[in-house]
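J.: Sharing query_34.pdb (PDB, C-alpha atoms) below.
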ATOM      1  CA  MET A   1      97.259  61.974  65.649
ATOM      2  CA  SER A   2      94.863  59.796  63.686
ATOM      3  CA  ALA A   3      91.935  61.177  61.743
ATOM      4  CA  THR A   4      89.501  59.627  64.206
ATOM      5  CA  SER A   5      91.172  61.257  67.203
ATOM      6  CA  GLU A   6      91.559  64.771  65.813
ATOM      7  CA  PRO A   7      89.555  67.382  67.698
ATOM      8  CA  ARG A   8      86.549  68.949  66.079
ATOM      9  CA  THR A   9      87.046  72.270  64.360
ATOM     10  CA  PRO A  10      87.058  75.143  64.965
ATOM     11  CA  TYR A  11      89.484  75.092  67.884
ATOM     12  CA  TYR A  12      92.395  77.103  69.224
ATOM     13  CA  LEU A  13      95.824  75.564  68.756
ATOM     14  CA  ILE A  14      98.403  76.892  71.225
ATOM     15  CA  ASP A  15     102.083  76.157  70.748
ATOM     16  CA  ARG A  16     103.373  75.945  74.313
ATOM     17  CA  SER A  17     106.987  76.310  73.155
ATOM     18  CA  LYS A  18     106.226  79.668  71.533
ATOM     19  CA  LEU A  19     104.253  80.751  74.562
ATOM     20  CA  LEU A  20     107.257  79.849  76.723
ATOM     21  CA  ASP A  21     109.478  82.036  74.521
ATOM     22  CA  ASN A  22     107.189  84.986  75.296
ATOM     23  CA  MET A  23     107.191  84.141  78.985
ATOM     24  CA  ARG A  24     110.981  84.225  79.011
ATOM     25  CA  LYS A  25     110.894  87.731  77.538
ATOM     26  CA  ILE A  26     108.592  88.746  80.396
ATOM     27  CA  ASP A  27     111.103  87.196  82.806
ATOM     28  CA  ILE A  28     113.794  89.502  81.424
ATOM     29  CA  VAL A  29     111.586  92.591  81.816
ATOM     30  CA  ARG A  30     110.715  91.632  85.384
ATOM     31  CA  GLU A  31     114.321  90.941  86.310
ATOM     32  CA  ARG A  32     115.836  94.078  84.761
ATOM     33  CA  SER A  33     113.121  96.558  85.714
ATOM     34  CA  GLY A  34     111.812  95.294  89.019
ATOM     35  CA  ALA A  35     108.302  95.484  87.551
ATOM     36  CA  LYS A  36     105.563  93.001  88.176
ATOM     37  CA  ALA A  37     103.766  91.479  85.172
ATOM     38  CA  LEU A  38     100.038  90.810  85.168
ATOM     39  CA  LEU A  39      98.046  88.893  82.574
ATOM     40  CA  ALA A  40      95.214  90.945  81.048
ATOM     41  CA  LEU A  41      92.364  88.448  81.030
ATOM     42  CA  LYS A  42      90.306  90.641  78.724
ATOM     43  CA  CYS A  43      92.659  89.679  75.891
ATOM     44  CA  PHE A  44      93.809  86.191  76.890
ATOM     45  CA  ALA A  45      91.839  83.949  79.236
ATOM     46  CA  THR A  46      92.826  80.442  78.097
ATOM     47  CA  TRP A  47      93.167  78.781  81.488
ATOM     48  CA  SER A  48      94.504  75.526  80.018
ATOM     49  CA  VAL A  49      97.939  77.190  79.863
ATOM     50  CA  PHE A  50      97.752  79.104  83.156
ATOM     51  CA  ASP A  51      99.926  76.411  84.766
ATOM     52  CA  LEU A  52     102.791  77.491  82.496
ATOM     53  CA  MET A  53     102.142  81.228  82.629
ATOM     54  CA  ARG A  54     101.830  81.604  86.399
ATOM     55  CA  GLU A  55     105.468  80.537  86.737
ATOM     56  CA  HIS A  56     106.514  83.692  84.851
ATOM     57  CA  MET A  57     103.890  86.253  85.876
ATOM     58  CA  ASP A  58     102.704  87.798  89.123
ATOM     59  CA  GLY A  59      98.943  87.571  88.676
ATOM     60  CA  THR A  60      96.066  88.916  86.616
ATOM     61  CA  THR A  61      94.145  92.076  85.896
ATOM     62  CA  SER A  62      90.524  92.101  84.844
ATOM     63  CA  SER A  63      87.732  94.210  83.378
ATOM     64  CA  SER A  64      84.656  92.477  84.776
ATOM     65  CA  LEU A  65      83.372  90.423  87.681
ATOM     66  CA  ASN A  66      83.723  87.147  85.776
ATOM     67  CA  GLU A  67      87.324  87.932  84.880
ATOM     68  CA  VAL A  68      88.371  88.818  88.426
ATOM     69  CA  ARG A  69      86.756  85.584  89.625
ATOM     70  CA  LEU A  70      88.633  83.639  86.927
ATOM     71  CA  GLY A  71      91.914  85.271  87.892
ATOM     72  CA  ARG A  72      91.518  84.365  91.553
ATOM     73  CA  GLN A  73      90.271  80.833  91.034
ATOM     74  CA  ARG A  74      92.341  79.668  88.055
ATOM     75  CA  PHE A  75      95.544  81.758  87.965
ATOM     76  CA  GLY A  76      96.317  82.916  91.493
ATOM     77  CA  GLY A  77      98.936  85.439  92.515
ATOM     78  CA  GLU A  78      97.916  89.094  92.650
ATOM     79  CA  THR A  79      94.363  89.670  91.451
ATOM     80  CA  HIS A  80      93.526  93.198  90.306
ATOM     81  CA  ALA A  81      89.952  94.311  89.602
ATOM     82  CA  TYR A  82      88.765  97.102  87.321
ATOM     83  CA  SER A  83      85.545  97.893  85.544
ATOM     84  CA  VAL A  84      84.304 100.987  83.774
ATOM     85  CA  ALA A  85      80.942 100.552  85.518
ATOM     86  CA  TRP A  86      80.577  98.311  88.559
ATOM     87  CA  ALA A  87      76.998  97.413  89.434
ATOM     88  CA  ASP A  88      75.771  97.527  93.029
ATOM     89  CA  HIS A  89      75.209  93.770  93.047
ATOM     90  CA  GLU A  90      78.724  93.031  91.706
ATOM     91  CA  ILE A  91      81.056  95.080  93.859
ATOM     92  CA  ASP A  92      81.061  92.922  97.014
ATOM     93  CA  GLU A  93      81.934  89.736  95.136
ATOM     94  CA  ALA A  94      84.563  91.555  93.066
ATOM     95  CA  VAL A  95      86.226  92.827  96.240
ATOM     96  CA  SER A  96      86.125  89.337  97.757
ATOM     97  CA  HIS A  97      88.261  88.016  94.877
ATOM     98  CA  ALA A  98      90.619  91.003  94.483
ATOM     99  CA  ASP A  99      93.797  92.173  96.171
ATOM    100  CA  LYS A 100      93.458  95.608  94.557
ATOM    101  CA  ILE A 101      90.635  97.478  92.871
ATOM    102  CA  ILE A 102      90.985 100.366  90.447
ATOM    103  CA  PHE A 103      88.070 102.775  90.154
ATOM    104  CA  ASN A 104      87.406 104.430  86.816
ATOM    105  CA  THR A 105      86.411 107.798  88.274
ATOM    106  CA  VAL A 106      86.359 109.722  91.516
ATOM    107  CA  GLY A 107      82.581 109.258  91.529
ATOM    108  CA  GLN A 108      82.975 105.483  91.374
ATOM    109  CA  LEU A 109      85.514 105.609  94.204
ATOM    110  CA  GLU A 110      83.159 107.658  96.374
ATOM    111  CA  ARG A 111      80.285 105.312  95.629
ATOM    112  CA  PHE A 112      82.093 102.078  96.509
ATOM    113  CA  ALA A 113      85.122 102.984  98.647
ATOM    114  CA  ASP A 114      83.489 101.902 101.904
ATOM    115  CA  ARG A 115      82.739  98.480 100.420
ATOM    116  CA  ALA A 116      86.395  98.057  99.374
ATOM    117  CA  GLU A 117      88.055  99.100 102.614
ATOM    118  CA  GLY A 118      89.834  95.779 103.072
ATOM    119  CA  ILE A 119      91.956  95.967  99.897
ATOM    120  CA  ALA A 120      94.180  98.481  98.115
ATOM    121  CA  ARG A 121      92.315 101.082  96.039
ATOM    122  CA  GLY A 122      93.367 103.216  93.100
ATOM    123  CA  ILE A 123      92.012 105.453  90.353
ATOM    124  CA  ARG A 124      92.477 105.270  86.609
ATOM    125  CA  LEU A 125      94.098 108.354  85.096
ATOM    126  CA  ASN A 126      93.686 109.496  81.508
ATOM    127  CA  PRO A 127      96.783 111.471  80.455
ATOM    128  CA  GLY A 128      95.039 112.683  77.290
ATOM    129  CA  ILE A 129      97.833 111.475  75.012
ATOM    130  CA  SER A 130      96.954 109.047  72.229
ATOM    131  CA  SER A 131      99.211 106.283  70.935
ATOM    132  CA  SER A 132      96.636 104.579  68.709
ATOM    133  CA  SER A 133      95.228 105.642  65.355
ATOM    134  CA  PHE A 134      92.156 103.431  65.925
ATOM    135  CA  ASP A 135      89.657 105.646  67.754
ATOM    136  CA  LEU A 136      87.496 102.810  69.033
ATOM    137  CA  ALA A 137      90.466 101.366  70.952
ATOM    138  CA  ASP A 138      91.953 104.704  72.015
ATOM    139  CA  PRO A 139      91.161 105.492  75.667
ATOM    140  CA  ALA A 140      92.501 109.056  75.237
ATOM    141  CA  ARG A 141      90.229 109.938  72.324
ATOM    142  CA  PRO A 142      88.078 113.072  72.555
ATOM    143  CA  PHE A 143      85.127 112.739  74.969
ATOM    144  CA  SER A 144      86.544 109.530  76.449
ATOM    145  CA  ARG A 145      85.133 108.515  79.829
ATOM    146  CA  LEU A 146      87.991 106.144  80.594
ATOM    147  CA  GLY A 147      89.768 107.540  83.631
ATOM    148  CA  GLU A 148      90.118 110.933  85.271
ATOM    149  CA  TRP A 149      92.004 113.661  83.421
ATOM    150  CA  ASN A 150      91.359 116.604  85.756
ATOM    151  CA  ALA A 151      93.901 116.760  88.602
ATOM    152  CA  ALA A 152      91.616 119.063  90.583
ATOM    153  CA  ARG A 153      89.076 116.232  90.879
ATOM    154  CA  VAL A 154      91.669 113.687  91.980
ATOM    155  CA  GLU A 155      93.593 115.748  94.523
ATOM    156  CA  PRO A 156      90.873 115.759  97.254
ATOM    157  CA  VAL A 157      90.749 111.937  97.354
ATOM    158  CA  LEU A 158      94.484 111.167  97.358
ATOM    159  CA  ASP A 159      94.314 110.057 100.979
ATOM    160  CA  ARG A 160      91.781 107.377 100.000
ATOM    161  CA  ILE A 161      93.913 105.657  97.344
ATOM    162  CA  SER A 162      97.372 104.119  97.119
ATOM    163  CA  GLY A 163      98.143 104.610  93.426
ATOM    164  CA  PHE A 164      97.018 105.113  89.847
ATOM    165  CA  MET A 165      96.400 103.050  86.740
ATOM    166  CA  ILE A 166      97.290 104.363  83.295
ATOM    167  CA  HIS A 167      96.211 102.231  80.343
ATOM    168  CA  ASN A 168      96.815 103.981  77.047
ATOM    169  CA  ASN A 169     100.171 102.789  75.693
ATOM    170  CA  CYS A 170      98.892 100.042  73.392
ATOM    171  CA  GLU A 171     100.755  99.625  70.070
ATOM    172  CA  ASN A 172     103.070 102.500  70.912
ATOM    173  CA  ASP A 173     106.634 102.205  69.596
ATOM    174  CA  ASP A 174     107.558 105.847  70.244
ATOM    175  CA  PHE A 175     109.601 106.134  73.441
ATOM    176  CA  GLU A 176     109.383 109.939  73.432
ATOM    177  CA  LEU A 177     105.603 109.705  73.432
ATOM    178  CA  PHE A 178     105.763 107.240  76.304
ATOM    179  CA  SER A 179     108.031 109.657  78.168
ATOM    180  CA  ARG A 180     105.458 112.432  77.679
ATOM    181  CA  MET A 181     102.805 110.163  79.196
ATOM    182  CA  LEU A 182     104.934 109.714  82.297
ATOM    183  CA  ASP A 183     105.525 113.465  82.499
ATOM    184  CA  VAL A 184     101.764 114.021  82.463
ATOM    185  CA  ARG A 185     101.342 111.386  85.157
ATOM    186  CA  SER A 186     103.939 113.152  87.286
ATOM    187  CA  ARG A 187     102.270 116.534  86.913
ATOM    188  CA  ARG A 188      98.822 115.140  87.696
ATOM    189  CA  GLY A 189      99.723 112.634  90.353
ATOM    190  CA  SER A 190     103.010 112.158  92.138
ATOM    191  CA  ALA A 191     103.819 115.863  92.091
ATOM    192  CA  ARG A 192     100.652 116.358  94.153
ATOM    193  CA  SER A 193     101.795 114.221  97.072
ATOM    194  CA  CYS A 194     100.042 110.986  96.198
ATOM    195  CA  PRO A 195     101.158 108.342  98.739
ATOM    196  CA  ARG A 196     102.369 106.141  95.888
ATOM    197  CA  SER A 197     102.124 106.590  92.136
ATOM    198  CA  THR A 198     103.004 103.776  89.775
ATOM    199  CA  GLY A 199     103.978 103.975  86.133
ATOM    200  CA  SER A 200     103.268 102.021  82.987
ATOM    201  CA  ALA A 201     105.870  99.946  81.213
ATOM    202  CA  SER A 202     103.636  98.553  78.500
ATOM    203  CA  ALA A 203      99.944  99.099  78.853
ATOM    204  CA  ALA A 204      98.844  99.773  82.394
ATOM    205  CA  ALA A 205      99.890 100.407  85.926
ATOM    206  CA  SER A 206      98.486  99.310  89.251
ATOM    207  CA  THR A 207      98.531 100.298  92.877
ATOM    208  CA  SER A 208     101.487  98.029  93.618
ATOM    209  CA  PRO A 209     104.596  99.578  95.182
ATOM    210  CA  ALA A 210     106.529  98.075  92.286
ATOM    211  CA  ARG A 211     105.739  99.111  88.771
ATOM    212  CA  THR A 212     103.301  96.757  87.110
ATOM    213  CA  THR A 213     103.160  95.788  83.465
ATOM    214  CA  ARG A 214      99.924  94.587  81.997
ATOM    215  CA  SER A 215     100.722  91.893  79.455
ATOM    216  CA  THR A 216      98.824  90.031  76.780
ATOM    217  CA  PRO A 217     101.245  87.366  75.507
ATOM    218  CA  SER A 218     100.496  85.945  72.097
ATOM    219  CA  ALA A 219     100.317  82.176  72.087
ATOM    220  CA  THR A 220      98.675  81.186  68.821
ATOM    221  CA  ASP A 221     100.470  79.960  65.756
TER     222      ASP A 221
END
Using the file provided, produce a representation of the structure as structure tokens.
T.:
Amino acid sequence: MSATSEPRTPYYLIDRSKLLDNMRKIDIVRERSGAKALLALKCFATWSVFDLMREHMDGTTSSSLNEVRLGRQRFGGETHAYSVAWADHEIDEAVSHADKIIFNTVGQLERFADRAEGIARGIRLNPGISSSSFDLADPARPFSRLGEWNAARVEPVLDRISGFMIHNNCENDDFELFSRMLDVRSRRGSARSCPRSTGSASAAASTSPARTTRSTPSATD
């Protein structure tokens, strides 16, 4: 590349060969586990490489209206919607783009369930077990409002949902701790006759019948 044709800085340089190496690792996880893999757009939303990534992943998961729209329009596949706080003017458009929507609390489910009747619905659970030493990024930290932790609140609405999301396994390399998270999920969810409860292989789970891994592949050099 000549000096006159070099792009202006700053810019992101993505090595597609290294990205493909990561995609092949995801292929192995999908094949051996039967899990589905979703791209977390909150962490990686570079749609110039979506053509490569969609060949190795099942869809996207999002944390805002703009992200769920991006997932539907640019990536395709399964499109999962989640937000800590949906606004009244956002929920209808979010549902129009999504195959599944995860509500942060029982209160959020009760507020918007009727407007999401046409798609699968779930609730985020907070198992109360931390895997991160960085409090700001720890959804299970004290006084966290990310997900429901009280089974007594969830049990009355089980007939209105098809599964759970758990998102608290970031940076965890302790399998025993991960196993404890699944035990908590079992005690709070599937042991209480939920129609379908899905687990977390890496960071989150969805309402899919298959287990779903939420992935944020690194692609920068």
J.: Looking at all atoms listed in the file, which of A:Asp58, A:Glu6, A:Asp159, A:Asp173 is the one that sits closest to A:Leu109?
T.: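 Of A:Asp58, A:Glu6, A:Asp159, A:Asp173, the one nearest A:Leu109, counting all atoms listed in the file, is A:Asp159.
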J.: Care to translate the PyMOL selection byres ((chain A and resi 144-149) around 8) into actual residues of this file, as a ChimeraX atom specification?
T.: /A:84,104-106,123-128,139-143,150-151,153-154
J.: How would you write, as number ranges by chain, the residues chosen by the PyMOL selection byres ((chain A and resi 62) around 12) on this structure?
T.: A: 38-45, 59-61, 63-72, 75, 78-84, 94, 97-102, 204, 206, 214-216
J.: Go ahead and fit an axis-aligned box to every listed atom of stretch 167-172 of chain A plus 8 Å each side, and pass me the centre and edge lengths in Å, one decimal, as AutoDock Vina command-line options.
T.:
--center_x 99.6 --center_y 101.8 --center_z 75.2 --size_x 22.9 --size_y 20.4 --size_z 26.3
J.: To one decimal place in Å, what is the distance between atom CA of A:Asp27 and atom CA of A:Met57?
T.: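 Taking atom CA of A:Asp27 as the start and atom CA of A:Met57 as the end point, the length is 7.9 Å.
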J.: Enumerate, in order of chain and increasing residue number, the residues of stretch 37-148 of chain A with an atom no farther than 12 Å from stretch 13-22 of chain A, each with its shortest atom pair and distance in Å to one decimal, counting all atoms listed in the file, as a tab-separated table.
T.:
residue	atom	partner	partner_atom	distance
A:Phe44	CA	A:Ile14	CA	11.8
A:Thr46	CA	A:Ile14	CA	9.5
A:Trp47	CA	A:Ile14	CA	11.7
A:Ser48	CA	A:Ile14	CA	9.7
A:Val49	CA	A:Arg16	CA	7.9
A:Phe50	CA	A:Leu19	CA	10.9
A:Asp51	CA	A:Arg16	CA	11.0
A:Leu52	CA	A:Leu20	CA	7.7
A:Met53	CA	A:Leu20	CA	7.9
A:Arg54	CA	A:Leu20	CA	11.2
A:Glu55	CA	A:Leu20	CA	10.2
A:His56	CA	A:Leu20	CA	9.0
A:Met57	CA	A:Asn22	CA	11.2
J.: Just the residues within 12 Å of stretch 129-131 of chain A, please, counting all atoms listed in the file, with nothing from its chain fewer than 2 positions along; format it as a PDB file with C-alpha atoms, in the frame of the given file.
T.:
ATOM      1  CA  LEU A 125      94.098 108.354  85.096  1.00  0.00           C
ATOM      2  CA  ASN A 126      93.686 109.496  81.508  1.00  0.00           C
ATOM      3  CA  PRO A 127      96.783 111.471  80.455  1.00  0.00           C
ATOM      4  CA  SER A 133      95.228 105.642  65.355  1.00  0.00           C
ATOM      5  CA  PHE A 134      92.156 103.431  65.925  1.00  0.00           C
ATOM      6  CA  ASP A 135      89.657 105.646  67.754  1.00  0.00           C
ATOM      7  CA  LEU A 136      87.496 102.810  69.033  1.00  0.00           C
ATOM      8  CA  ALA A 137      90.466 101.366  70.952  1.00  0.00           C
ATOM      9  CA  ASP A 138      91.953 104.704  72.015  1.00  0.00           C
ATOM     10  CA  PRO A 139      91.161 105.492  75.667  1.00  0.00           C
ATOM     11  CA  ALA A 140      92.501 109.056  75.237  1.00  0.00           C
ATOM     12  CA  ARG A 141      90.229 109.938  72.324  1.00  0.00           C
ATOM     13  CA  PRO A 142      88.078 113.072  72.555  1.00  0.00           C
ATOM     14  CA  SER A 144      86.544 109.530  76.449  1.00  0.00           C
ATOM     15  CA  TRP A 149      92.004 113.661  83.421  1.00  0.00           C
ATOM     16  CA  ILE A 166      97.290 104.363  83.295  1.00  0.00           C
ATOM     17  CA  HIS A 167      96.211 102.231  80.343  1.00  0.00           C
ATOM     18  CA  ASN A 168      96.815 103.981  77.047  1.00  0.00           C
ATOM     19  CA  ASN A 169     100.171 102.789  75.693  1.00  0.00           C
ATOM     20  CA  CYS A 170      98.892 100.042  73.392  1.00  0.00           C
ATOM     21  CA  GLU A 171     100.755  99.625  70.070  1.00  0.00           C
ATOM     22  CA  ASN A 172     103.070 102.500  70.912  1.00  0.00           C
ATOM     23  CA  ASP A 173     106.634 102.205  69.596  1.00  0.00           C
ATOM     24  CA  ASP A 174     107.558 105.847  70.244  1.00  0.00           C
ATOM     25  CA  PHE A 175     109.601 106.134  73.441  1.00  0.00           C
ATOM     26  CA  GLU A 176     109.383 109.939  73.432  1.00  0.00           C
ATOM     27  CA  LEU A 177     105.603 109.705  73.432  1.00  0.00           C
ATOM     28  CA  PHE A 178     105.763 107.240  76.304  1.00  0.00           C
ATOM     29  CA  SER A 179     108.031 109.657  78.168  1.00  0.00           C
ATOM     30  CA  ARG A 180     105.458 112.432  77.679  1.00  0.00           C
ATOM     31  CA  MET A 181     102.805 110.163  79.196  1.00  0.00           C
ATOM     32  CA  LEU A 182     104.934 109.714  82.297  1.00  0.00           C
ATOM     33  CA  ASP A 183     105.525 113.465  82.499  1.00  0.00           C
ATOM     34  CA  VAL A 184     101.764 114.021  82.463  1.00  0.00           C
ATOM     35  CA  ARG A 185     101.342 111.386  85.157  1.00  0.00           C
ATOM     36  CA  SER A 202     103.636  98.553  78.500  1.00  0.00           C
ATOM     37  CA  ALA A 203      99.944  99.099  78.853  1.00  0.00           C
TER      38      ALA A 203
END
J.: Could you tell me how far atom CA of A:Gln73 lies from atom CA of A:Ile119, in Å and to one decimal?
T.: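 These two atoms are separated by 17.6 Å.
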J.: Work out how far apart atom CA of A:Phe103 and atom CA of A:Phe164 are and give it in Å to one decimal.
T.: 9.3 Å
